[in-house]
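A quick write-up on the structure given underneath.
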Amino acid sequence: MSCCTPCVPCCQPCGPTPLANSCNEPCVRQCQSSTVAIQPSAVVVTLPGPILSSFPQNTVVGSSTSAAMDLNTQEDMANGTSVEEFILLGFTGTWHAQVSLVVVFALTYSLTVIGNTSIIALVQMNSNLHTPMYFFLCNLSFLEIWYTTGVVPKAIGVMLGTSQTISVRVCILQLFFLLSLGSTECFLLSVMAYDRYLAICYPLRYKSLMNSVVSARLALSCWLGGFLAISLLAFLTSRLTFCGPDVINHFLCDIDSCLALSCSDTQPVELATFLVSIIVVVASCVATLISYIYIISSILRIQSARGRKKAFSTCSAHLSVITIWYGSTIFLYVKPSAENSLDRHKLMNVFSTVVTPLLNPFIYTLRNKEVKQALWRAFQKK
């Protein structure tokens with residue numbers, strides 16, 4: 001191979017033979033004062049097809065390949081979402097373990113729906129339970145039915161392997177639905193604590209302070225406030241760009257999984273998540289705590305032990321529910337960053353979305369004397 005080749009023009013004076021065997025390799029030429037390395041132009045190679053539909057038939061190889069890939073990534077980010085759907089992994093384990101979890105989830109879901117529906121029916125059939133306290137309880141039971149319905153059926157499909165994919169839009173919709181219902185529950189539990197505060201601290205004025213109109217307005221405010229509080233967060237999440245990977249190590253779509261998979265700036269979403277958590281979770285928790293401080297102080301001022309026991313029994317069930325709910329919710333959402341273990345979040349989500357809705361009807365049934373009496377009368381009629 002001479003110095004004058006198609007790879008590189010002649011350079012005078014000429015040095016040793018260029019270190020290249022073909023025009024498709026870099027042709028290195030030693031001149032007097034410098035070493036010049038000239039790369040060949042890109043070559044278009046037509047691959048035999050068919051190839052996977054997600055890959056092009058014509059691939060550019062050579063020095064411009066990485067630049068083309070970077071340009072494609074930038075174009076995907078500029079155009080919006082490039083990943084159309086996610087793959088939910090669910091739980092790891094053998095097939096028998098997956099089937100066992102499916103049985104547990106299905107049984108828990110059935111008991112949750114039956115238990116909460118029974119509470120709603122029981123309150124409607126007994127006129128003695130037509131009070132603001134049980135009106136709020138019906139709202140809570142109705143909420144728990146939809147809250148667990150938004151999670152368990154899809155989770156069962158994921159564990160069985162029949163419905164592991166979920167589109168990005170449906171994922172964000174599930175996220176909005178679950179967070180909105182969770183926010184509504186926070187507001188509703190604080191309103192129920194306020195109702196107990198009025199009943200115990202102002203027993204003579206309770207019926208005038210908490211009548212049917214006031215209780216209906218408070219319940220409506222809880223539902224509207226819960227969904228409006230998450231609207232901005234859901235909008236910001238929908239603006240995220242997902243370029244891959246598309247695998248979610250979870251059985252549902254939650255905010256941490258979306259942040260982990262996004263290839264765009266997630267700081268606005270993380271900040272909005274933290275602020276919403278402070279406003280919704282912490283504020284409602286503080287309001288509930290203040291109500292119970294007044295409740296406990298009023299109970300301690302009651303002279304007779306029987307009177308204290310009766311007063312405490314009216315709010316013990318609600319106190320148990322808020323302890324379980326706020327404990328898991330604060331662990332999941334009140335944090336400045338999403339960089340935490342997804343496995344721990346998966347476990348806590350099981351507790352808050354599957355176990356807690358099941359416990360609520362049993363707690364209110366076993367720890368509330370009026371509900372037990374109404375339930376006993378219903379069985380006697382049959």
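We name chains A, B, ... following the order of the structure tokens; residues begin at 1 in each chain, and ligands are numbered from 1 as shown.
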
message = Could you list, as a PyMOL selection string, every residue within 12 Å of Lys310 in chain A, counting only C-alpha atoms and ignoring same-chain residues fewer than 3 positions away?
response = chain A and resi 200+299+302+304-307+313-316+367-370

ask   = Per DSSP on the backbone, what are the helix (DSSP H, G or I) residues of range 145-300 of chain A, as a ChimeraX atom specification?
value = /A:145-149,152-160,168-201,206-209,212-238,255-261,267-300

Best match for closeness to Phe105 in chain A among A:Ser320, A:Thr273, A:Thr353, A:Gln124, counting only C-alpha atoms = A:Thr353

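Taking CA of Thr329 in chain A as the reference point, CA of Ser284 in chain A is found at 11.7 Å.
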
Report as a PDB file with N, CA, C and O atoms, in the first residue's frame all protein, DNA and RNA residues lying within 8 Å of Leu233 in chain A, evaluated on only C-alpha atoms, omitting residues in the same chain fewer than 5 positions from it.
ATOM      1  N   VAL A 269     -41.275  16.998  40.798  1.00  0.00           N
ATOM      2  CA  VAL A 269     -42.219  15.990  41.288  1.00  0.00           C
ATOM      3  C   VAL A 269     -41.873  15.596  42.720  1.00  0.00           C
ATOM      4  O   VAL A 269     -42.763  15.427  43.565  1.00  0.00           O
ATOM      5  N   ALA A 272     -43.006  18.416  44.934  1.00  0.00           N
ATOM      6  CA  ALA A 272     -44.466  18.427  45.054  1.00  0.00           C
ATOM      7  C   ALA A 272     -44.949  17.280  45.933  1.00  0.00           C
ATOM      8  O   ALA A 272     -45.874  17.452  46.741  1.00  0.00           O
ATOM      9  N   THR A 273     -44.313  16.112  45.801  1.00  0.00           N
ATOM     10  CA  THR A 273     -44.685  14.965  46.635  1.00  0.00           C
ATOM     11  C   THR A 273     -44.456  15.264  48.105  1.00  0.00           C
ATOM     12  O   THR A 273     -45.302  14.967  48.966  1.00  0.00           O
ATOM     13  N   VAL A 276     -47.044  17.968  49.290  1.00  0.00           N
ATOM     14  CA  VAL A 276     -48.381  17.387  49.437  1.00  0.00           C
ATOM     15  C   VAL A 276     -48.434  16.476  50.658  1.00  0.00           C
ATOM     16  O   VAL A 276     -49.432  16.444  51.396  1.00  0.00           O
TER      17      VAL A 276
END

Determine, counting only C-alpha atoms, which protein, DNA and RNA residues have an atom within 12 Å of an atom of Val170 in chain A; residues of the same chain fewer than 2 positions away are not included. Present the result as a PDB file with N, CA, C and O atoms, in the first residue's frame.
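Written out: out.pdb:
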ATOM      1  N   GLU A  84     -44.053   3.157  26.149  1.00  0.00           N
ATOM      2  CA  GLU A  84     -45.519   3.178  26.083  1.00  0.00           C
ATOM      3  C   GLU A  84     -46.170   2.405  27.224  1.00  0.00           C
ATOM      4  O   GLU A  84     -47.315   2.675  27.577  1.00  0.00           O
ATOM      5  N   GLU A  85     -45.462   1.430  27.794  1.00  0.00           N
ATOM      6  CA  GLU A  85     -46.030   0.642  28.876  1.00  0.00           C
ATOM      7  C   GLU A  85     -44.933   0.133  29.794  1.00  0.00           C
ATOM      8  O   GLU A  85     -43.759   0.047  29.409  1.00  0.00           O
ATOM      9  N   PHE A  86     -45.326  -0.185  31.020  1.00  0.00           N
ATOM     10  CA  PHE A  86     -44.415  -0.718  32.013  1.00  0.00           C
ATOM     11  C   PHE A  86     -44.714  -2.189  32.254  1.00  0.00           C
ATOM     12  O   PHE A  86     -45.811  -2.672  31.963  1.00  0.00           O
ATOM     13  N   GLY A 150     -58.705  -0.757  43.621  1.00  0.00           N
ATOM     14  CA  GLY A 150     -57.733  -0.174  42.704  1.00  0.00           C
ATOM     15  C   GLY A 150     -56.398  -0.881  42.700  1.00  0.00           C
ATOM     16  O   GLY A 150     -55.545  -0.576  41.862  1.00  0.00           O
ATOM     17  N   LYS A 154     -55.545  -6.030  39.954  1.00  0.00           N
ATOM     18  CA  LYS A 154     -54.371  -5.920  39.094  1.00  0.00           C
ATOM     19  C   LYS A 154     -53.195  -6.689  39.662  1.00  0.00           C
ATOM     20  O   LYS A 154     -52.450  -7.347  38.917  1.00  0.00           O
ATOM     21  N   THR A 165     -48.291  -6.207  32.218  1.00  0.00           N
ATOM     22  CA  THR A 165     -48.017  -4.919  31.581  1.00  0.00           C
ATOM     23  C   THR A 165     -49.108  -3.907  31.943  1.00  0.00           C
ATOM     24  O   THR A 165     -50.263  -4.283  32.175  1.00  0.00           O
ATOM     25  N   ILE A 166     -48.717  -2.654  31.980  1.00  0.00           N
ATOM     26  CA  ILE A 166     -49.645  -1.570  32.242  1.00  0.00           C
ATOM     27  C   ILE A 166     -49.149  -0.352  31.466  1.00  0.00           C
ATOM     28  O   ILE A 166     -47.956  -0.040  31.472  1.00  0.00           O
ATOM     29  N   SER A 167     -50.050   0.296  30.750  1.00  0.00           N
ATOM     30  CA  SER A 167     -49.648   1.455  29.961  1.00  0.00           C
ATOM     31  C   SER A 167     -49.263   2.613  30.875  1.00  0.00           C
ATOM     32  O   SER A 167     -49.655   2.665  32.043  1.00  0.00           O
ATOM     33  N   VAL A 168     -48.476   3.532  30.346  1.00  0.00           N
ATOM     34  CA  VAL A 168     -48.021   4.664  31.145  1.00  0.00           C
ATOM     35  C   VAL A 168     -49.206   5.497  31.621  1.00  0.00           C
ATOM     36  O   VAL A 168     -49.263   5.937  32.771  1.00  0.00           O
ATOM     37  N   ILE A 172     -50.275   6.123  35.569  1.00  0.00           N
ATOM     38  CA  ILE A 172     -50.442   7.431  36.220  1.00  0.00           C
ATOM     39  C   ILE A 172     -51.870   7.593  36.743  1.00  0.00           C
ATOM     40  O   ILE A 172     -52.095   8.194  37.797  1.00  0.00           O
ATOM     41  N   LEU A 173     -52.854   7.034  36.023  1.00  0.00           N
ATOM     42  CA  LEU A 173     -54.237   7.087  36.494  1.00  0.00           C
ATOM     43  C   LEU A 173     -54.404   6.302  37.791  1.00  0.00           C
ATOM     44  O   LEU A 173     -55.091   6.756  38.718  1.00  0.00           O
ATOM     45  N   GLN A 174     -53.790   5.116  37.874  1.00  0.00           N
ATOM     46  CA  GLN A 174     -53.835   4.345  39.117  1.00  0.00           C
ATOM     47  C   GLN A 174     -53.152   5.096  40.248  1.00  0.00           C
ATOM     48  O   GLN A 174     -53.644   5.118  41.377  1.00  0.00           O
ATOM     49  N   LEU A 175     -52.027   5.724  39.926  1.00  0.00           N
ATOM     50  CA  LEU A 175     -51.316   6.532  40.916  1.00  0.00           C
ATOM     51  C   LEU A 175     -52.200   7.653  41.449  1.00  0.00           C
ATOM     52  O   LEU A 175     -52.298   7.872  42.669  1.00  0.00           O
ATOM     53  N   PHE A 176     -52.863   8.374  40.549  1.00  0.00           N
ATOM     54  CA  PHE A 176     -53.752   9.470  40.948  1.00  0.00           C
ATOM     55  C   PHE A 176     -54.923   8.948  41.777  1.00  0.00           C
ATOM     56  O   PHE A 176     -55.300   9.544  42.791  1.00  0.00           O
ATOM     57  N   PHE A 177     -55.497   7.844  41.368  1.00  0.00           N
ATOM     58  CA  PHE A 177     -56.654   7.267  42.048  1.00  0.00           C
ATOM     59  C   PHE A 177     -56.299   6.856  43.478  1.00  0.00           C
ATOM     60  O   PHE A 177     -57.010   7.197  44.435  1.00  0.00           O
ATOM     61  N   ALA A 234     -50.268  14.721  40.170  1.00  0.00           N
ATOM     62  CA  ALA A 234     -50.534  13.826  39.042  1.00  0.00           C
ATOM     63  C   ALA A 234     -50.195  14.501  37.713  1.00  0.00           C
ATOM     64  O   ALA A 234     -49.677  13.863  36.794  1.00  0.00           O
ATOM     65  N   SER A 238     -47.389  13.205  35.028  1.00  0.00           N
ATOM     66  CA  SER A 238     -47.721  12.914  33.627  1.00  0.00           C
ATOM     67  C   SER A 238     -46.776  13.608  32.657  1.00  0.00           C
ATOM     68  O   SER A 238     -46.688  13.216  31.492  1.00  0.00           O
ATOM     69  N   LEU A 252     -47.891  -2.508  41.916  1.00  0.00           N
ATOM     70  CA  LEU A 252     -48.729  -1.382  41.546  1.00  0.00           C
ATOM     71  C   LEU A 252     -47.845  -0.216  41.126  1.00  0.00           C
ATOM     72  O   LEU A 252     -46.625  -0.255  41.271  1.00  0.00           O
ATOM     73  N   CYS A 253     -48.466   0.809  40.594  1.00  0.00           N
ATOM     74  CA  CYS A 253     -47.731   2.015  40.207  1.00  0.00           C
ATOM     75  C   CYS A 253     -47.755   2.990  41.369  1.00  0.00           C
ATOM     76  O   CYS A 253     -48.829   3.437  41.782  1.00  0.00           O
ATOM     77  N   ASP A 254     -46.590   3.318  41.903  1.00  0.00           N
ATOM     78  CA  ASP A 254     -46.506   4.323  42.943  1.00  0.00           C
ATOM     79  C   ASP A 254     -45.530   5.409  42.519  1.00  0.00           C
ATOM     80  O   ASP A 254     -44.840   5.293  41.508  1.00  0.00           O
TER      81      ASP A 254
END

key: Nearest-residue call for Leu218 in chain A, choices A:Cys201, A:Pro245, A:Pro132, A:Gly115, using only C-alpha atoms   = A:Pro132

message = Measuring between only C-alpha atoms, which one of A:Ile230, A:Cys285, A:Leu271, A:Ile87 shows the shortest distance to Leu319 in chain A?
response = A:Cys285

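Between CA of Cys258 in chain A and CA of Leu240 in chain A the interatomic distance comes to 8.4 Å.
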
message = Taking only C-alpha atoms into account, name the residue in A:Val99, A:Leu204, A:Leu179, A:Leu198 that is nearest to Gly157 in chain A.
response = A:Val99

request  = Report the residues of range 117-322 of chain A whose backbone DSSP state falls under strand (DSSP E or B), written as an NGL selection string.
outcome  = :A and (165-167 or 247-248)

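Residue nearest His96 in chain A within the list A:Ile145, A:Cys138, A:Leu160, A:Ala121: A:Leu160 [criterion: smallest interatomic distance, only C-alpha atoms].
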
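Proximity to Ala287 in chain A was assessed for A:Arg205, A:Leu188, A:Thr241, A:Cys263 counting only C-alpha atoms; the smallest distance is recorded for A:Leu188.
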